[in-house]
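Heads up: the structure comes next, in structure tokens.
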Amino acid sequence: MVQTVLLGAALALGAPLGLTAPAGAAEPIRIGELNSYKAQPAFLEPYRKGMELAVSQINTAGGIAGRPLELITRDDGGNPGDAVRVAEELVTREKVDALTGTFLSHVGLAVAGYAAKRQVFFLAAEPLTDKITWSDGNRYTFRLRASTYMQVAMLMPEAVAAKRKRWAIVYPNYEYGQSAAATFKKLLSAAQPDVEFVAEQATPLGKLDAGPVVQAIADSKPDAVFNVLFAADLAKFVREANTRSALDGVFVVSLLSGEPEYLDPLKAEAPVGWVVTGYPWYDIALPAHKAFLDAYQAAYGEPPRLGSVVGYATIKSLAAGFAKASAAGGIDAERMVAAFKGLEVSGPFGPFIYRASDHQATMGAFVGTTAVKHGTGVMTGARYIDGASVLPSDAEVKALRPAAD
């Protein structure tokens with residue numbers, strides 16, 4: 001899939017999107033974006049719409065120092081090798097000013113490695129692995145979304161307060177899932193030394209055989225479960241657990257399961273009482289979110305998903321970085337790196353910054369409890385957790401991020 005889009009006010013009006021800059025327009029700032037659109041459409045189609053909305057708003061307002069943004073997207077095939085080849089094409093043939101995107105953690109790490117080698121600025125929008133900003137962090141890579149560590153830490157107060165001793169863990173067996181499971185075990189063990197991990201199910205991404213996995217967890221007789229499955233794997237797991245009544249009376253903590261991309265498809269089968277991270281778009285009173293929600297619904301005639309927020313905040317972040325770099329003399333990788341260190345951005349959840357110490361954004365996430373209302377899964381009692389509140393100090397980052405910038 002290849003799409004080159006220069007967006008203007010036409011988006012909000014539902015008009016066709018132009019593919020080239022208008023005659024006489026200033027030279028555009030070109031954003032090279034790559035992602036696993038075919039493999040993860042539930043998250044990434046809303047993400048694309050969020051990006052397009054932000055580009056439209058910025059270009060309608062005059063662009064960056066009079067230059068419009070141009071968004072050039074590619075599918076990375078959900079594969080690290082393909083992603084690196086796509087990144088090289090964007091840099092050498094399309095002459096982009098910055099790279100962004102990626103969804104899967106191992107793909108994000110591959111592109112981050114490419115960015116370091118080629119000295120190209122890369123804003124990792126979605127991949128959650130801690131490695132991307134810590135152990136494998138590099139000068140040219142920054143990350144937007146709250147990381148695996150951050151989101152597990154956000155869930156930890158409820159996990160500890162539940163005072164459950166026997167925990168089972170289920171996760172997709174690749175970088176993101178492995179990282180989440182390891183972080184959960186480390187943080188819970190530190191807070192509750194007598195905890196026991198009685199089962200651990202590592203499943204192939206997108207190929208969950210739910211019956212045996214659910215039964216193995218049930219056979220271990222846990223009194224709590226930490227789940228990291230998402231997308232179709234999550235739906236299979238929940239439905240099989242419901243059929244077998246395998247999690248009745250079991251306390252469940254779950255990453256990402258409150259995101260409407262994954263909760264909505266379950267409808268009335270959605271789990272009840274799980275403590276989750278997610279995005280209750282219907283129950284957020286923040287003024288910045290209301291403005292985003294209204295604009296998104298006006299443009300697309302549907303509510304946003306978390307992917308929409310991530311896509312929108314990605315472009316807003318890049319625009320802020322481009323503006324700061326332009327003011328410092330021009331848009332190039334070194335000026336973008338300097339611009340992003342301590343960069344302040346206003347997103348749908350309010351203001352956040354990109355930390356200079358580890359290049360991690362402080363944009364947070366919502367924690368709440370799942371329920372079913374009117375035949376649909378929702379988050380109740382949701383509260384926003386500022387990302388800065390769960391990140392290690394700059395001093396601690398020095399040990400986590402050995403490579404100097």
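Every chain in the structure tokens takes a letter, A first, then B, and so on in the order presented; its residues are numbered from 1, and the ligands are numbered from 1 following the presented order.
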Inset, instruction - Go through segment 9-197 of chain A and collect every residue that DSSP, computed from the backbone, puts in helix (DSSP H, G or I); the answer should be as an MDAnalysis selection string. - result: chainID A and resid 10:13 41:60 80:92 105:118 130:132 148:161 175:191
Inset, instruction - Identify all residues of segment 86-327 of chain A in strand (DSSP E or B) (DSSP on the backbone) and supply them as a ChimeraX atom specification. - result: /A:98-101,122-124,141-143,166-172,196-203,224-227,251-258,275-278
Legend entry - For Val372 of chain A, the nearest of the candidates A:Leu266, A:Leu255, A:Leu234, A:Ala190, counting only C-alpha atoms: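 Result for the nearest residue to Val372 of chain A: A:Leu266.
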Inset, instruction - Skip Phe43 of chain A itself and residues of its chain fewer than 6 positions away, then list as a PyMOL selection string all residues within 12 Å of it, counting only C-alpha atoms. - result: chain A and resi 35-37+49-50+102-104+126+230-232+256+259-264+304-311
Based on the selection just made, write N, CA, C and O atoms of those residues as a tab-separated table (two decimals), in the first residue's frame.
```
chain	number	residue	atom	x	y	z
A	35	ASN	N	3.89	1.73	8.51
A	35	ASN	CA	3.13	1.03	9.53
A	35	ASN	C	2.53	-0.26	9.00
A	35	ASN	O	2.49	-0.50	7.79
A	36	SER	N	2.01	-1.06	9.93
A	36	SER	CA	1.48	-2.39	9.59
A	36	SER	C	-0.01	-2.32	9.32
A	36	SER	O	-0.83	-2.94	9.99
A	37	TYR	N	-0.38	-1.54	8.29
A	37	TYR	CA	-1.79	-1.28	8.00
A	37	TYR	C	-2.57	-2.55	7.69
A	37	TYR	O	-3.70	-2.72	8.15
A	49	LYS	N	-6.48	8.20	10.09
A	49	LYS	CA	-7.43	9.32	10.08
A	49	LYS	C	-6.99	10.42	11.05
A	49	LYS	O	-7.14	11.61	10.75
A	50	GLY	N	-6.47	10.02	12.21
A	50	GLY	CA	-5.97	11.02	13.15
A	50	GLY	C	-4.82	11.81	12.57
A	50	GLY	O	-4.75	13.05	12.74
A	102	THR	N	5.27	3.00	12.81
A	102	THR	CA	5.45	1.63	13.29
A	102	THR	C	4.52	1.31	14.46
A	102	THR	O	4.22	2.17	15.29
A	103	PHE	N	4.06	0.07	14.48
A	103	PHE	CA	3.10	-0.41	15.49
A	103	PHE	C	3.71	-1.51	16.34
A	103	PHE	O	3.74	-1.43	17.56
A	104	LEU	N	4.19	-2.56	15.70
A	104	LEU	CA	4.74	-3.70	16.42
A	104	LEU	C	6.13	-3.35	16.97
A	104	LEU	O	6.95	-2.71	16.31
A	126	GLU	N	3.92	4.31	17.99
A	126	GLU	CA	3.11	3.33	18.73
A	126	GLU	C	3.87	2.22	19.44
A	126	GLU	O	3.42	1.74	20.48
A	230	PHE	N	-4.07	-8.82	22.68
A	230	PHE	CA	-4.85	-7.72	22.11
A	230	PHE	C	-5.38	-8.16	20.75
A	230	PHE	O	-5.07	-9.24	20.24
A	231	ALA	N	-6.22	-7.31	20.16
A	231	ALA	CA	-6.80	-7.54	18.83
A	231	ALA	C	-7.55	-8.88	18.78
A	231	ALA	O	-8.22	-9.25	19.74
A	232	ALA	N	-7.41	-9.61	17.68
A	232	ALA	CA	-8.17	-10.84	17.51
A	232	ALA	C	-7.83	-11.88	18.57
A	232	ALA	O	-8.69	-12.66	18.99
A	256	LEU	N	-4.16	-2.62	27.59
A	256	LEU	CA	-4.76	-2.20	26.32
A	256	LEU	C	-6.22	-2.62	26.14
A	256	LEU	O	-6.87	-2.19	25.18
A	259	GLU	N	-9.12	-0.25	25.19
A	259	GLU	CA	-9.09	0.51	23.95
A	259	GLU	C	-10.27	0.08	23.09
A	259	GLU	O	-10.51	-1.11	22.89
A	260	PRO	N	-11.05	1.02	22.56
A	260	PRO	CA	-12.25	0.65	21.81
A	260	PRO	C	-11.96	-0.21	20.59
A	260	PRO	O	-12.83	-0.99	20.16
A	261	GLU	N	-10.75	-0.11	20.04
A	261	GLU	CA	-10.38	-0.98	18.92
A	261	GLU	C	-10.57	-2.45	19.27
A	261	GLU	O	-10.92	-3.27	18.41
A	262	TYR	N	-10.31	-2.80	20.54
A	262	TYR	CA	-10.32	-4.20	20.97
A	262	TYR	C	-11.55	-4.53	21.81
A	262	TYR	O	-11.98	-5.69	21.85
A	263	LEU	N	-12.12	-3.52	22.47
A	263	LEU	CA	-13.28	-3.75	23.33
A	263	LEU	C	-14.58	-3.77	22.54
A	263	LEU	O	-15.46	-4.61	22.78
A	264	ASP	N	-14.71	-2.87	21.57
A	264	ASP	CA	-15.96	-2.77	20.81
A	264	ASP	C	-16.36	-4.06	20.10
A	264	ASP	O	-17.54	-4.43	20.11
A	304	PRO	N	-13.67	8.76	17.62
A	304	PRO	CA	-12.28	8.33	17.48
A	304	PRO	C	-12.01	7.04	18.24
A	304	PRO	O	-12.77	6.62	19.09
A	305	ARG	N	-10.90	6.44	17.89
A	305	ARG	CA	-10.35	5.31	18.62
A	305	ARG	C	-9.01	5.77	19.21
A	305	ARG	O	-8.55	6.87	18.92
A	306	LEU	N	-8.38	4.93	20.01
A	306	LEU	CA	-7.09	5.35	20.54
A	306	LEU	C	-6.10	5.57	19.41
A	306	LEU	O	-5.27	6.49	19.47
A	307	GLY	N	-6.18	4.75	18.37
A	307	GLY	CA	-5.32	4.98	17.22
A	307	GLY	C	-5.45	6.38	16.66
A	307	GLY	O	-4.48	6.98	16.22
A	308	SER	N	-6.69	6.91	16.68
A	308	SER	CA	-6.92	8.28	16.20
A	308	SER	C	-6.12	9.28	17.01
A	308	SER	O	-5.53	10.22	16.47
A	309	VAL	N	-6.12	9.10	18.34
A	309	VAL	CA	-5.38	9.99	19.23
A	309	VAL	C	-3.89	9.90	18.94
A	309	VAL	O	-3.19	10.92	18.85
A	310	VAL	N	-3.38	8.68	18.79
A	310	VAL	CA	-1.95	8.48	18.55
A	310	VAL	C	-1.53	9.11	17.22
A	310	VAL	O	-0.51	9.80	17.13
A	311	GLY	N	-2.32	8.88	16.17
A	311	GLY	CA	-1.99	9.48	14.88
A	311	GLY	C	-2.00	10.99	14.93
A	311	GLY	O	-1.10	11.65	14.39
```
Legend entry - Separation of atom CA of Thr380 of chain A from atom CA of Leu144 of chain A in Å: 25.3 Å
Inset, instruction - Find the residues around His289 of chain A up to 10 Å (only C-alpha atoms counted), leave out those fewer than 3 positions away in its own chain, and share them as a PyMOL selection string. - result: chain A and resi 281+284-286+292-295+309+347-350
